[in-house]
>>> print(open('input.cif').read())   # mmCIF, C-alpha atoms and all ligand atoms
data_input
#
loop_
_atom_site.group_PDB
_atom_site.id
_atom_site.type_symbol
_atom_site.label_atom_id
_atom_site.label_comp_id
_atom_site.auth_asym_id
_atom_site.auth_seq_id
_atom_site.Cartn_x
_atom_site.Cartn_y
_atom_site.Cartn_z
ATOM 1 C CA MET A 1 125.955 67.217 27.944
ATOM 2 C CA LYS A 2 123.522 64.391 28.559
ATOM 3 C CA ARG A 3 121.324 66.586 30.692
ATOM 4 C CA CYS A 4 121.322 69.123 27.953
ATOM 5 C CA SER A 5 119.955 66.728 25.321
ATOM 6 C CA ILE A 6 117.237 65.482 27.706
ATOM 7 C CA MET A 7 116.238 69.090 28.242
ATOM 8 C CA ARG A 8 116.036 69.475 24.507
ATOM 9 C CA TYR A 9 113.577 66.574 24.237
ATOM 10 C CA ILE A 10 111.512 67.993 27.069
ATOM 11 C CA ALA A 11 111.484 71.332 25.306
ATOM 12 C CA LEU A 12 110.149 69.618 22.159
ATOM 13 C CA ILE A 13 107.124 68.070 23.923
ATOM 14 C CA PRO A 14 104.853 71.110 23.496
ATOM 15 C CA ALA A 15 105.673 71.132 19.762
ATOM 16 C CA PHE A 16 104.626 67.479 19.440
ATOM 17 C CA VAL A 17 101.460 68.030 21.440
ATOM 18 C CA TYR A 18 100.656 70.988 19.213
ATOM 19 C CA ALA A 19 101.330 69.019 16.041
ATOM 20 C CA ILE A 20 99.181 66.059 17.146
ATOM 21 C CA GLY A 21 96.443 68.243 18.581
ATOM 22 C CA CYS A 22 96.041 70.378 15.474
ATOM 23 C CA GLY A 23 96.740 67.767 12.838
ATOM 24 C CA GLN A 24 99.153 70.162 11.128
ATOM 25 C CA ILE A 25 102.820 69.536 10.960
ATOM 26 C CA ASP A 26 105.188 72.114 9.529
ATOM 27 C CA PRO A 27 106.578 71.098 6.164
ATOM 28 C CA PRO A 28 110.163 69.804 6.233
ATOM 29 C CA PRO A 29 112.741 72.558 5.751
ATOM 30 C CA PRO A 30 113.702 73.065 2.090
ATOM 31 C CA LEU A 31 117.046 71.498 1.098
ATOM 32 C CA ASP A 32 119.776 72.877 -1.178
ATOM 33 C CA GLU A 33 121.487 70.850 -3.959
ATOM 34 C CA ASP A 34 123.725 69.135 -1.376
ATOM 35 C CA GLY A 35 120.745 68.055 0.689
ATOM 36 C CA GLU A 36 121.526 70.597 3.426
ATOM 37 C CA PRO A 37 118.626 72.560 4.942
ATOM 38 C CA VAL A 38 118.262 76.079 3.485
ATOM 39 C CA PRO A 39 118.480 78.418 6.472
ATOM 40 C CA ILE A 40 115.461 80.644 7.012
ATOM 41 C CA PRO A 41 116.625 84.177 6.210
ATOM 42 C CA GLU A 42 116.902 86.436 9.273
ATOM 43 C CA PRO A 43 114.886 87.988 10.835
ATOM 44 C CA LEU A 44 112.104 85.665 9.711
ATOM 45 C CA ASP A 45 110.668 83.265 12.161
ATOM 46 C CA ASP A 46 108.785 81.244 9.587
ATOM 47 C CA TRP A 47 108.094 80.799 5.902
ATOM 48 C CA LEU A 48 104.808 81.811 4.427
ATOM 49 C CA ASN A 49 102.914 78.676 3.462
ATOM 50 C CA PHE A 50 99.624 77.336 2.133
ATOM 51 C CA LEU A 51 97.719 75.654 4.961
ATOM 52 C CA GLU A 52 94.673 74.304 3.201
ATOM 53 C CA ILE A 53 93.185 74.415 -0.276
ATOM 54 C CA VAL A 54 89.477 73.773 -0.856
ATOM 55 C CA PRO A 55 88.039 72.054 -2.846
ATOM 56 C CA GLU A 56 90.389 69.164 -3.400
ATOM 57 C CA GLU A 57 90.859 67.254 -6.647
ATOM 58 C CA GLU A 58 87.696 68.192 -8.542
ATOM 59 C CA LEU A 59 86.311 71.546 -9.674
ATOM 60 C CA SER A 60 83.196 72.768 -11.423
ATOM 61 C CA VAL A 61 83.660 74.705 -14.666
ATOM 62 C CA ARG A 62 83.441 77.982 -12.693
ATOM 63 C CA PRO A 63 84.718 77.268 -9.182
ATOM 64 C CA THR A 64 85.884 79.377 -6.262
ATOM 65 C CA ILE A 65 89.043 77.992 -4.707
ATOM 66 C CA THR A 66 89.925 78.948 -1.153
ATOM 67 C CA ILE A 67 93.625 79.035 -0.267
ATOM 68 C CA ALA A 68 94.323 79.433 3.450
ATOM 69 C CA PHE A 69 97.715 80.746 4.647
ATOM 70 C CA ASN A 70 99.619 80.349 7.877
ATOM 71 C CA ALA A 71 100.203 84.113 8.139
ATOM 72 C CA TYR A 72 98.696 87.477 7.195
ATOM 73 C CA LEU A 73 99.705 88.642 3.709
ATOM 74 C CA ASP A 74 101.466 91.902 2.916
ATOM 75 C CA PRO A 75 98.931 93.535 0.574
ATOM 76 C CA THR A 76 101.674 95.371 -1.343
ATOM 77 C CA THR A 77 103.215 92.074 -2.524
ATOM 78 C CA TYR A 78 100.387 90.743 -4.729
ATOM 79 C CA ASP A 79 97.475 92.196 -6.640
ATOM 80 C CA SER A 80 94.000 90.906 -7.174
ATOM 81 C CA TYR A 81 94.402 90.075 -10.893
ATOM 82 C CA SER A 82 97.764 88.317 -11.147
ATOM 83 C CA THR A 83 98.112 86.272 -7.999
ATOM 84 C CA ALA A 84 97.459 82.777 -9.314
ATOM 85 C CA ARG A 85 96.093 81.123 -12.421
ATOM 86 C CA LEU A 86 94.556 77.886 -13.604
ATOM 87 C CA GLN A 87 96.174 76.335 -16.633
ATOM 88 C CA SER A 88 95.862 73.158 -18.634
ATOM 89 C CA GLY A 89 98.748 72.759 -21.054
ATOM 90 C CA GLY A 90 98.794 76.000 -23.068
ATOM 91 C CA LEU A 91 95.238 76.879 -21.966
ATOM 92 C CA ARG A 92 95.230 79.678 -19.381
ATOM 93 C CA HIS A 93 92.407 81.423 -17.603
ATOM 94 C CA GLY A 94 92.384 84.886 -16.104
ATOM 95 C CA SER A 95 91.115 85.124 -12.558
ATOM 96 C CA ARG A 96 90.071 87.380 -9.743
ATOM 97 C CA VAL A 97 91.134 86.970 -6.151
ATOM 98 C CA ASP A 98 89.795 88.400 -2.948
ATOM 99 C CA TYR A 99 91.977 88.371 0.169
ATOM 100 C CA ARG A 100 89.833 87.563 3.206
ATOM 101 C CA MET A 101 92.157 88.978 5.776
ATOM 102 C CA THR A 102 90.423 87.879 8.989
ATOM 103 C CA ARG A 103 90.571 84.236 7.872
ATOM 104 C CA ARG A 104 93.953 84.624 6.134
ATOM 105 C CA GLU A 105 92.387 83.233 2.980
ATOM 106 C CA ILE A 106 92.499 84.025 -0.682
ATOM 107 C CA HIS A 107 89.303 83.371 -2.605
ATOM 108 C CA PHE A 108 90.197 82.677 -6.202
ATOM 109 C CA ARG A 109 87.773 82.420 -9.129
ATOM 110 C CA PRO A 110 88.547 82.131 -12.857
ATOM 111 C CA THR A 111 86.901 84.769 -15.043
ATOM 112 C CA SER A 112 85.929 82.290 -17.793
ATOM 113 C CA ASP A 113 84.626 78.722 -17.822
ATOM 114 C CA LEU A 114 87.146 75.903 -17.501
ATOM 115 C CA GLU A 115 87.028 73.006 -19.956
ATOM 116 C CA PRO A 116 85.277 69.914 -18.592
ATOM 117 C CA GLU A 117 87.252 66.659 -18.419
ATOM 118 C CA LEU A 118 90.595 68.475 -18.576
ATOM 119 C CA GLN A 119 93.146 68.457 -15.823
ATOM 120 C CA TYR A 120 94.136 71.924 -14.573
ATOM 121 C CA GLU A 121 97.109 73.055 -12.588
ATOM 122 C CA LEU A 122 96.787 75.863 -10.039
ATOM 123 C CA VAL A 123 99.902 78.032 -10.427
ATOM 124 C CA TRP A 124 100.995 80.741 -8.031
ATOM 125 C CA THR A 125 102.132 83.759 -10.073
ATOM 126 C CA ALA A 126 102.715 86.460 -7.413
ATOM 127 C CA ASP A 127 106.389 85.521 -7.084
ATOM 128 C CA ASP A 128 107.288 88.043 -4.416
ATOM 129 C CA VAL A 129 104.318 87.501 -2.122
ATOM 130 C CA ARG A 130 105.275 88.014 1.536
ATOM 131 C CA SER A 131 103.662 87.806 4.920
ATOM 132 C CA VAL A 132 103.301 91.094 6.799
ATOM 133 C CA THR A 133 106.430 90.197 8.749
ATOM 134 C CA GLY A 134 108.349 89.797 5.460
ATOM 135 C CA SER A 135 108.430 85.984 5.198
ATOM 136 C CA PRO A 136 108.629 84.741 1.606
ATOM 137 C CA LEU A 137 106.636 81.799 0.351
ATOM 138 C CA HIS A 138 108.186 78.463 1.283
ATOM 139 C CA PRO A 139 110.271 77.387 -1.739
ATOM 140 C CA ARG A 140 108.546 74.004 -1.789
ATOM 141 C CA ALA A 141 105.011 75.285 -1.239
ATOM 142 C CA SER A 142 103.018 73.507 -3.919
ATOM 143 C CA LEU A 143 99.510 73.835 -5.270
ATOM 144 C CA PRO A 144 97.314 70.977 -6.466
ATOM 145 C CA THR A 145 95.982 69.907 -9.842
ATOM 146 C CA PHE A 146 92.272 69.447 -10.417
ATOM 147 C CA MET A 147 89.949 67.539 -12.712
ATOM 148 C CA ILE A 148 87.130 69.666 -14.129
ATOM 149 C CA ARG A 149 83.611 68.240 -14.016
ATOM 150 C CA ASP A 150 80.584 69.857 -15.613
ATOM 151 C CA ASP A 151 78.134 68.159 -13.242
ATOM 152 C CA LEU A 152 79.407 70.094 -10.200
ATOM 153 C CA GLU A 153 77.744 73.315 -9.112
ATOM 154 C CA THR A 154 79.414 76.537 -10.294
ATOM 155 C CA SER A 155 80.151 79.299 -7.795
ATOM 156 C CA PRO A 156 78.667 82.814 -7.834
ATOM 157 C CA PRO A 157 80.997 85.785 -8.522
ATOM 158 C CA LEU A 158 83.283 86.770 -5.646
ATOM 159 C CA GLN A 159 81.300 89.067 -3.429
ATOM 160 C CA ARG A 160 81.230 90.141 0.178
ATOM 161 C CA PRO A 161 78.132 90.037 2.336
ATOM 162 C CA GLU A 162 76.659 93.514 2.793
ATOM 163 C CA VAL A 163 77.314 95.072 6.187
ATOM 164 C CA SER A 164 75.787 98.422 7.088
ATOM 165 C CA TRP A 165 77.442 101.160 9.147
ATOM 166 C CA ARG A 166 74.689 100.625 11.745
ATOM 167 C CA GLU A 167 75.892 97.028 12.304
ATOM 168 C CA VAL A 168 79.482 98.201 12.699
ATOM 169 C CA GLU A 169 78.378 100.967 15.043
ATOM 170 C CA GLU A 170 76.534 98.439 17.220
ATOM 171 C CA LEU A 171 79.745 96.424 17.572
ATOM 172 C CA PHE A 172 81.674 99.562 18.527
ATOM 173 C CA GLU A 173 78.985 100.491 21.073
ATOM 174 C CA ALA A 174 79.206 97.050 22.675
ATOM 175 C CA HIS A 175 83.018 96.796 22.751
ATOM 176 C CA CYS A 176 84.708 100.151 22.251
ATOM 177 C CA THR A 177 82.903 103.403 22.929
ATOM 178 C CA SER A 178 83.148 103.163 26.716
ATOM 179 C CA CYS A 179 86.702 104.452 26.087
ATOM 180 C CA HIS A 180 86.574 105.850 22.524
ATOM 181 C CA GLY A 181 83.804 108.312 23.284
ATOM 182 C CA ASP A 182 84.478 108.960 26.961
ATOM 183 C CA SER A 183 85.543 112.584 27.437
ATOM 184 C CA ARG A 184 88.207 111.483 29.953
ATOM 185 C CA TRP A 185 89.920 109.649 27.040
ATOM 186 C CA SER A 186 89.712 112.642 24.723
ATOM 187 C CA GLN A 187 93.035 111.783 23.040
ATOM 188 C CA LEU A 188 91.522 108.539 21.664
ATOM 189 C CA PRO A 189 89.864 108.718 18.257
ATOM 190 C CA MET A 190 86.071 108.596 18.191
ATOM 191 C CA LEU A 191 84.831 105.639 16.157
ATOM 192 C CA THR A 192 82.567 107.357 13.626
ATOM 193 C CA PRO A 193 82.663 107.350 9.801
ATOM 194 C CA GLU A 194 84.152 110.883 9.870
ATOM 195 C CA THR A 195 86.922 110.030 12.345
ATOM 196 C CA LEU A 196 87.761 106.658 10.768
ATOM 197 C CA ILE A 197 87.380 106.797 6.985
ATOM 198 C CA GLY A 198 90.458 108.299 5.339
ATOM 199 C CA ALA A 199 91.688 109.534 8.757
ATOM 200 C CA ARG A 200 95.317 108.961 9.745
ATOM 201 C CA SER A 201 96.280 106.878 12.720
ATOM 202 C CA ASP A 202 98.174 108.667 15.517
ATOM 203 C CA GLN A 203 100.348 105.567 15.920
ATOM 204 C CA VAL A 204 101.552 104.611 12.449
ATOM 205 C CA ASP A 205 101.619 106.040 8.953
ATOM 206 C CA ALA A 206 98.358 104.479 7.762
ATOM 207 C CA MET A 207 94.689 105.258 7.493
ATOM 208 C CA LEU A 208 92.418 103.917 10.191
ATOM 209 C CA VAL A 209 89.964 102.880 7.461
ATOM 210 C CA GLU A 210 90.988 102.831 3.817
ATOM 211 C CA PRO A 211 87.766 102.076 1.908
ATOM 212 C CA PHE A 212 87.917 98.827 -0.154
ATOM 213 C CA HIS A 213 91.242 97.878 1.501
ATOM 214 C CA PRO A 214 90.817 96.137 4.863
ATOM 215 C CA ALA A 215 94.384 94.795 4.735
ATOM 216 C CA ARG A 216 95.750 98.362 4.582
ATOM 217 C CA SER A 217 93.406 99.717 7.278
ATOM 218 C CA TYR A 218 95.037 100.162 10.666
ATOM 219 C CA LEU A 219 91.693 99.550 12.386
ATOM 220 C CA MET A 220 91.964 95.911 11.211
ATOM 221 C CA HIS A 221 95.559 95.660 12.436
ATOM 222 C CA LYS A 222 94.368 96.775 15.876
ATOM 223 C CA ILE A 223 91.340 94.500 16.228
ATOM 224 C CA LEU A 224 92.828 91.213 14.938
ATOM 225 C CA PRO A 225 94.257 89.833 18.192
ATOM 226 C CA ASP A 226 97.184 87.979 16.569
ATOM 227 C CA TYR A 227 98.072 90.563 13.920
ATOM 228 C CA PRO A 228 101.854 90.782 14.261
ATOM 229 C CA VAL A 229 102.602 94.347 13.129
ATOM 230 C CA ARG A 230 101.111 97.283 15.063
ATOM 231 C CA ARG A 231 101.961 99.665 17.879
ATOM 232 C CA PHE A 232 100.787 98.960 21.408
ATOM 233 C CA THR A 233 98.060 96.459 22.034
ATOM 234 C CA GLU A 234 95.069 94.819 20.351
ATOM 235 C CA GLN A 235 91.606 96.387 20.740
ATOM 236 C CA PRO A 236 89.703 96.232 22.968
ATOM 237 C CA PRO A 237 92.815 96.158 25.169
ATOM 238 C CA PRO A 238 93.210 92.870 27.066
ATOM 239 C CA TRP A 239 93.324 94.849 30.329
ATOM 240 C CA SER A 240 89.901 96.414 29.719
ATOM 241 C CA ASP A 241 86.581 95.101 31.019
ATOM 242 C CA GLN A 242 85.149 95.155 27.487
ATOM 243 C CA PRO A 243 84.506 91.762 25.863
ATOM 244 C CA PRO A 244 86.771 90.946 22.891
ATOM 245 C CA LEU A 245 85.283 90.928 19.398
ATOM 246 C CA SER A 246 84.538 87.464 17.984
ATOM 247 C CA THR A 247 86.143 86.376 14.718
ATOM 248 C CA ASP A 248 82.738 86.788 13.022
ATOM 249 C CA ASP A 249 82.477 90.355 14.388
ATOM 250 C CA ILE A 250 85.951 91.184 13.088
ATOM 251 C CA GLU A 251 85.094 89.696 9.718
ATOM 252 C CA ARG A 252 81.921 91.799 9.579
ATOM 253 C CA ILE A 253 84.008 94.947 10.059
ATOM 254 C CA GLU A 254 86.348 93.671 7.349
ATOM 255 C CA HIS A 255 83.413 93.176 4.937
ATOM 256 C CA TRP A 256 82.183 96.694 5.685
ATOM 257 C CA ILE A 257 85.597 98.151 4.744
ATOM 258 C CA ALA A 258 85.947 95.844 1.706
ATOM 259 C CA ASN A 259 82.570 97.073 0.409
ATOM 260 C CA GLY A 260 83.870 100.655 0.548
ATOM 261 C CA ALA A 261 82.849 101.496 4.152
ATOM 262 C CA PRO A 262 79.310 102.614 3.210
ATOM 263 C CA HIS A 263 77.577 104.951 5.657
ATOM 264 C CA PRO A 264 74.542 107.222 5.577
HETATM 265 C C1 LIG A 301 89.516 100.216 27.899
HETATM 266 C C2 LIG A 301 89.503 101.295 26.948
HETATM 267 C C3 LIG A 301 89.465 100.915 25.483
HETATM 268 C C4 LIG A 301 88.563 100.116 24.816
HETATM 269 C C5 LIG A 301 87.376 99.368 25.400
HETATM 270 C C6 LIG A 301 88.951 100.149 23.425
HETATM 271 N N1 LIG A 301 90.040 100.916 23.260
HETATM 272 FE FE1 LIG A 301 90.945 101.391 21.485
HETATM 273 N N2 LIG A 301 92.421 102.306 22.474
HETATM 274 C C7 LIG A 301 92.498 102.474 23.838
HETATM 275 C C8 LIG A 301 93.805 103.014 24.176
HETATM 276 C C9 LIG A 301 94.274 103.341 25.599
HETATM 277 C C10 LIG A 301 94.509 103.184 22.974
HETATM 278 C C11 LIG A 301 95.938 103.679 22.783
HETATM 279 C C12 LIG A 301 96.912 102.571 23.212
HETATM 280 C C13 LIG A 301 96.881 101.362 22.300
HETATM 281 O O1 LIG A 301 96.807 101.526 21.071
HETATM 282 O O2 LIG A 301 96.922 100.234 22.802
HETATM 283 C C14 LIG A 301 93.604 102.735 21.912
HETATM 284 C C15 LIG A 301 93.917 102.770 20.553
HETATM 285 C C16 LIG A 301 93.067 102.403 19.549
HETATM 286 C C17 LIG A 301 93.307 102.572 18.142
HETATM 287 C C18 LIG A 301 94.527 103.210 17.501
HETATM 288 C C19 LIG A 301 94.251 104.664 17.210
HETATM 289 C C20 LIG A 301 95.288 105.317 16.336
HETATM 290 O O3 LIG A 301 95.274 106.556 16.241
HETATM 291 O O4 LIG A 301 96.061 104.599 15.699
HETATM 292 C C21 LIG A 301 92.231 102.067 17.462
HETATM 293 C C22 LIG A 301 92.030 102.001 15.963
HETATM 294 C C23 LIG A 301 91.321 101.569 18.461
HETATM 295 N N3 LIG A 301 91.838 101.803 19.699
HETATM 296 C C24 LIG A 301 90.121 100.968 18.173
HETATM 297 C C25 LIG A 301 89.345 100.347 19.141
HETATM 298 C C26 LIG A 301 88.214 99.518 18.814
HETATM 299 C C27 LIG A 301 87.706 99.226 17.417
HETATM 300 C C28 LIG A 301 87.718 99.061 20.019
HETATM 301 C C29 LIG A 301 86.599 98.094 20.216
HETATM 302 C C30 LIG A 301 86.621 96.868 19.458
HETATM 303 C C31 LIG A 301 88.524 99.641 21.069
HETATM 304 N N4 LIG A 301 89.501 100.403 20.505
HETATM 305 C C32 LIG A 301 88.284 99.458 22.428
HETATM 306 C C33 LIG A 301 91.519 102.197 24.741
HETATM 307 C C34 LIG A 301 90.412 101.394 24.486
#
>>> encode(input="input.cif", output="structure tokens", more="lines below")
Ligand code: HEC
Amino acid sequence: MKRCSIMRYIALIPAFVYAIGCGQIDPPPPLDEDGEPVPIPEPLDDWLNFLEIVPEEELSVRPTITIAFNAYLDPTTYDSYSTARLQSGGLRHGSRVDYRMTRREIHFRPTSDLEPELQYELVWTADDVRSVTGSPLHPRASLPTFMIRDDLETSPPLQRPEVSWREVEELFEAHCTSCHGDSRWSQLPMLTPETLIGARSDQVDAMLVEPFHPARSYLMHKILPDYPVRRFTEQPPPWSDQPPLSTDDIERIEHWIANGAPHP
């Protein structure tokens, strides 16, 4: 018995090291009315949660707020117009959001100017939002309030950097086409606009590239190393001699898809 509890402490050491090393500690489990922890519904391994919200405390009259999550979002469980809102008393502002999948962030911007000197509450309105593994939002996940200041710089409309097909092709040439393009691997899809855009995956019921929707594009699910839902392995495969894509490279491919996958 004693040995068992010592083992338990030893087993907890990596968790402490992780918590100290990363400066992030999981929120306490939510409690029911009797103060008992609410069990996490099976088969979830974690709640969905907000990790970081920027800026803190003060906003310009037209800000962009970045909300980072601990997990990838299921794109069918929220939409870009009714995900969150800023409100001050009865005053409510419409908004637009853009899900930056690679960074697991939502970029949120109101569509009209906020009132200076008022305090606004950020309210999450997509009640059924889930992670791609089906985890619901932590019941105690809370969003901040902000003071609006008219001397802070406003943000430009939500927009993605432009990425050309040529840039995406260069990434594929450096990391992928030694296999996807080698006649000995003829069962693998070529990585061209024609074989990617609107084309079905052989592995799952999804398009490889669905223009304007990176989160629904199986190509993204295959190249994000820690994406939890896909068949077989990440790309390039860890066993290959091809260098992995950097996070910036992956984000560039995401921007290309989000801009409609333009190509000549
Ligand atoms: C070493 C050879 C190799 C390299 C390099 C490689 N792949 Fe693959 N790829 C495979 C194999 C083998 C499969 C099938 C098994 C799997 O999915 O793990 C595959 C599967 C895929 C699929 C799924 C196709 C489908 O029909 O669903 C996509 C998408 C993909 N690769 C994209 C890429 C991209 C993008 C790169 C470069 C960033 C890349 N691959 C690099 C060998 C490779």
>>> closest_residue(input="input.cif", among="A:Ala141, A:Val204, A:His175, A:Glu153", to="Pro238 of chain A", atoms="all atoms listed in the file")
A:His175
>>> closest_atom_pairs(input="input.cif", of="chain A", to="ligand LIG 301 (chain A)", cutoff="8 Å", atoms="all atoms listed in the file", output="JSON lines")
{"residue": "A:Leu171", "atom": "CA", "partner": "A:LIG301", "partner_atom": "C30", "distance": 7.1}
{"residue": "A:Phe172", "atom": "CA", "partner": "A:LIG301", "partner_atom": "C29", "distance": 5.4}
{"residue": "A:Ala174", "atom": "CA", "partner": "A:LIG301", "partner_atom": "C29", "distance": 7.9}
{"residue": "A:His175", "atom": "CA", "partner": "A:LIG301", "partner_atom": "C29", "distance": 4.6}
{"residue": "A:Cys176", "atom": "CA", "partner": "A:LIG301", "partner_atom": "C29", "distance": 3.5}
{"residue": "A:Thr177", "atom": "CA", "partner": "A:LIG301", "partner_atom": "C5", "distance": 6.5}
{"residue": "A:Ser178", "atom": "CA", "partner": "A:LIG301", "partner_atom": "C5", "distance": 5.8}
{"residue": "A:Cys179", "atom": "CA", "partner": "A:LIG301", "partner_atom": "C2", "distance": 4.3}
{"residue": "A:His180", "atom": "CA", "partner": "A:LIG301", "partner_atom": "N1", "distance": 6.1}
{"residue": "A:Trp185", "atom": "CA", "partner": "A:LIG301", "partner_atom": "C9", "distance": 7.8}
{"residue": "A:Leu188", "atom": "CA", "partner": "A:LIG301", "partner_atom": "C14", "distance": 6.2}
{"residue": "A:Pro189", "atom": "CA", "partner": "A:LIG301", "partner_atom": "C19", "distance": 6.1}
{"residue": "A:Leu191", "atom": "CA", "partner": "A:LIG301", "partner_atom": "C27", "distance": 7.1}
{"residue": "A:Arg200", "atom": "CA", "partner": "A:LIG301", "partner_atom": "O3", "distance": 6.9}
{"residue": "A:Ser201", "atom": "CA", "partner": "A:LIG301", "partner_atom": "O3", "distance": 3.7}
{"residue": "A:Asp202", "atom": "CA", "partner": "A:LIG301", "partner_atom": "O3", "distance": 3.7}
{"residue": "A:Gln203", "atom": "CA", "partner": "A:LIG301", "partner_atom": "O4", "distance": 4.4}
{"residue": "A:Val204", "atom": "CA", "partner": "A:LIG301", "partner_atom": "O4", "distance": 6.4}
{"residue": "A:Leu208", "atom": "CA", "partner": "A:LIG301", "partner_atom": "C22", "distance": 6.1}
{"residue": "A:Tyr218", "atom": "CA", "partner": "A:LIG301", "partner_atom": "C22", "distance": 6.4}
{"residue": "A:Leu219", "atom": "CA", "partner": "A:LIG301", "partner_atom": "C22", "distance": 4.3}
{"residue": "A:Met220", "atom": "CA", "partner": "A:LIG301", "partner_atom": "C22", "distance": 7.7}
{"residue": "A:Lys222", "atom": "CA", "partner": "A:LIG301", "partner_atom": "C22", "distance": 5.7}
{"residue": "A:Ile223", "atom": "CA", "partner": "A:LIG301", "partner_atom": "C27", "distance": 6.1}
{"residue": "A:Arg231", "atom": "CA", "partner": "A:LIG301", "partner_atom": "O1", "distance": 6.3}
{"residue": "A:Phe232", "atom": "CA", "partner": "A:LIG301", "partner_atom": "O2", "distance": 4.3}
{"residue": "A:Thr233", "atom": "CA", "partner": "A:LIG301", "partner_atom": "O2", "distance": 4.0}
{"residue": "A:Glu234", "atom": "CA", "partner": "A:LIG301", "partner_atom": "O2", "distance": 6.2}
{"residue": "A:Gln235", "atom": "CA", "partner": "A:LIG301", "partner_atom": "C31", "distance": 4.5}
{"residue": "A:Pro236", "atom": "CA", "partner": "A:LIG301", "partner_atom": "C32", "distance": 3.6}
{"residue": "A:Pro237", "atom": "CA", "partner": "A:LIG301", "partner_atom": "C34", "distance": 5.8}
{"residue": "A:Trp239", "atom": "CA", "partner": "A:LIG301", "partner_atom": "C1", "distance": 7.0}
{"residue": "A:Ser240", "atom": "CA", "partner": "A:LIG301", "partner_atom": "C1", "distance": 4.2}
{"residue": "A:Asp241", "atom": "CA", "partner": "A:LIG301", "partner_atom": "C1", "distance": 6.7}
{"residue": "A:Gln242", "atom": "CA", "partner": "A:LIG301", "partner_atom": "C5", "distance": 5.2}
{"residue": "A:Pro244", "atom": "CA", "partner": "A:LIG301", "partner_atom": "C30", "distance": 6.8}
{"residue": "A:Leu245", "atom": "CA", "partner": "A:LIG301", "partner_atom": "C30", "distance": 6.1}
>>> atom_distance(input="input.cif", atom1="atom CA of Trp256 of chain A", atom2="atom CA of Val168 of chain A")
7.7 Å
>>> residues_around(input="input.cif", residues="Ile53 of chain A", least_positions_apart="2", cutoff="8 Å", atoms="all atoms listed in the file", output="ChimeraX atom specification")
/A:50-51,55-56,65-68
>>> atom_distance(input="input.cif", atom1="atom CA of Ser80 of chain A", atom2="atom CA of Arg109 of chain A")
10.7 Å
>>> resolve_selection(input="input.cif", expression="the PyMOL selection byres (((chain A and resi 193) around 10) and not hetatm)", output="list in words")
Trp165, Glu169, Met190, Leu191, Thr192, Glu194, Thr195, Leu196, Ile197, Gly198, Ala199, Val209, Ala261, Pro262, His263 and Pro264 of chain A
>>> residues_near_point(input="input.cif", point="(98.5, 91.1, -0.5)", cutoff="10 Å", atoms="only C-alpha atoms", output="mmCIF file with C-alpha atoms, in the coordinates of the input")
data_model
loop_
_atom_site.group_PDB
_atom_site.id
_atom_site.type_symbol
_atom_site.label_atom_id
_atom_site.label_comp_id
_atom_site.auth_asym_id
_atom_site.auth_seq_id
_atom_site.Cartn_x
_atom_site.Cartn_y
_atom_site.Cartn_z
ATOM 1 C CA TYR A 72 98.696 87.477 7.195
ATOM 2 C CA LEU A 73 99.705 88.642 3.709
ATOM 3 C CA ASP A 74 101.466 91.902 2.916
ATOM 4 C CA PRO A 75 98.931 93.535 0.574
ATOM 5 C CA THR A 76 101.674 95.371 -1.343
ATOM 6 C CA THR A 77 103.215 92.074 -2.524
ATOM 7 C CA TYR A 78 100.387 90.743 -4.729
ATOM 8 C CA ASP A 79 97.475 92.196 -6.640
ATOM 9 C CA SER A 80 94.000 90.906 -7.174
ATOM 10 C CA THR A 83 98.112 86.272 -7.999
ATOM 11 C CA ASP A 98 89.795 88.400 -2.948
ATOM 12 C CA TYR A 99 91.977 88.371 0.169
ATOM 13 C CA MET A 101 92.157 88.978 5.776
ATOM 14 C CA ILE A 106 92.499 84.025 -0.682
ATOM 15 C CA ALA A 126 102.715 86.460 -7.413
ATOM 16 C CA VAL A 129 104.318 87.501 -2.122
ATOM 17 C CA ARG A 130 105.275 88.014 1.536
ATOM 18 C CA SER A 131 103.662 87.806 4.920
ATOM 19 C CA VAL A 132 103.301 91.094 6.799
ATOM 20 C CA ALA A 215 94.384 94.795 4.735
ATOM 21 C CA ARG A 216 95.750 98.362 4.582
#
>>> resolve_selection(input="input.cif", expression="the PyMOL selection byres (((chain A and resi 253) around 9) and not hetatm)", output="NGL selection string")
:A and (163 or 167-168 or 171 or 214 or 220 or 248-252 or 254-258 or 261)
>>> atom_distance(input="input.cif", atom1="atom CA of Ala206 of chain A", atom2="atom CA of Pro225 of chain A")
18.4 Å
>>> closest_residue(input="input.cif", among="A:Thr64, A:Thr102, A:Gln119, A:Ser135", to="Asn49 of chain A", atoms="all atoms listed in the file")
A:Ser135
>>> resolve_selection(input="input.cif", expression="the PyMOL selection byres (((chain A and resi 63) around 10) and not hetatm)", output="ChimeraX atom specification")
/A:55,58-62,64-66,108-111,113-114,148,152-157
>>> closest_residue(input="input.cif", among="A:Ser95, A:Ser82, A:Thr133, A:Gln159", to="Arg230 of chain A", atoms="all atoms listed in the file")
A:Thr133
>>> residues_around(input="input.cif", residues="His138 of chain A", least_positions_apart="5", cutoff="8 Å", atoms="only C-alpha atoms", output="number ranges by chain")
A: 30, 47-49
>>> closest_residue(input="input.cif", among="A:Phe212, A:Arg85, A:Gly94, A:Ala71", to="Pro136 of chain A", atoms="all atoms listed in the file")
A:Ala71
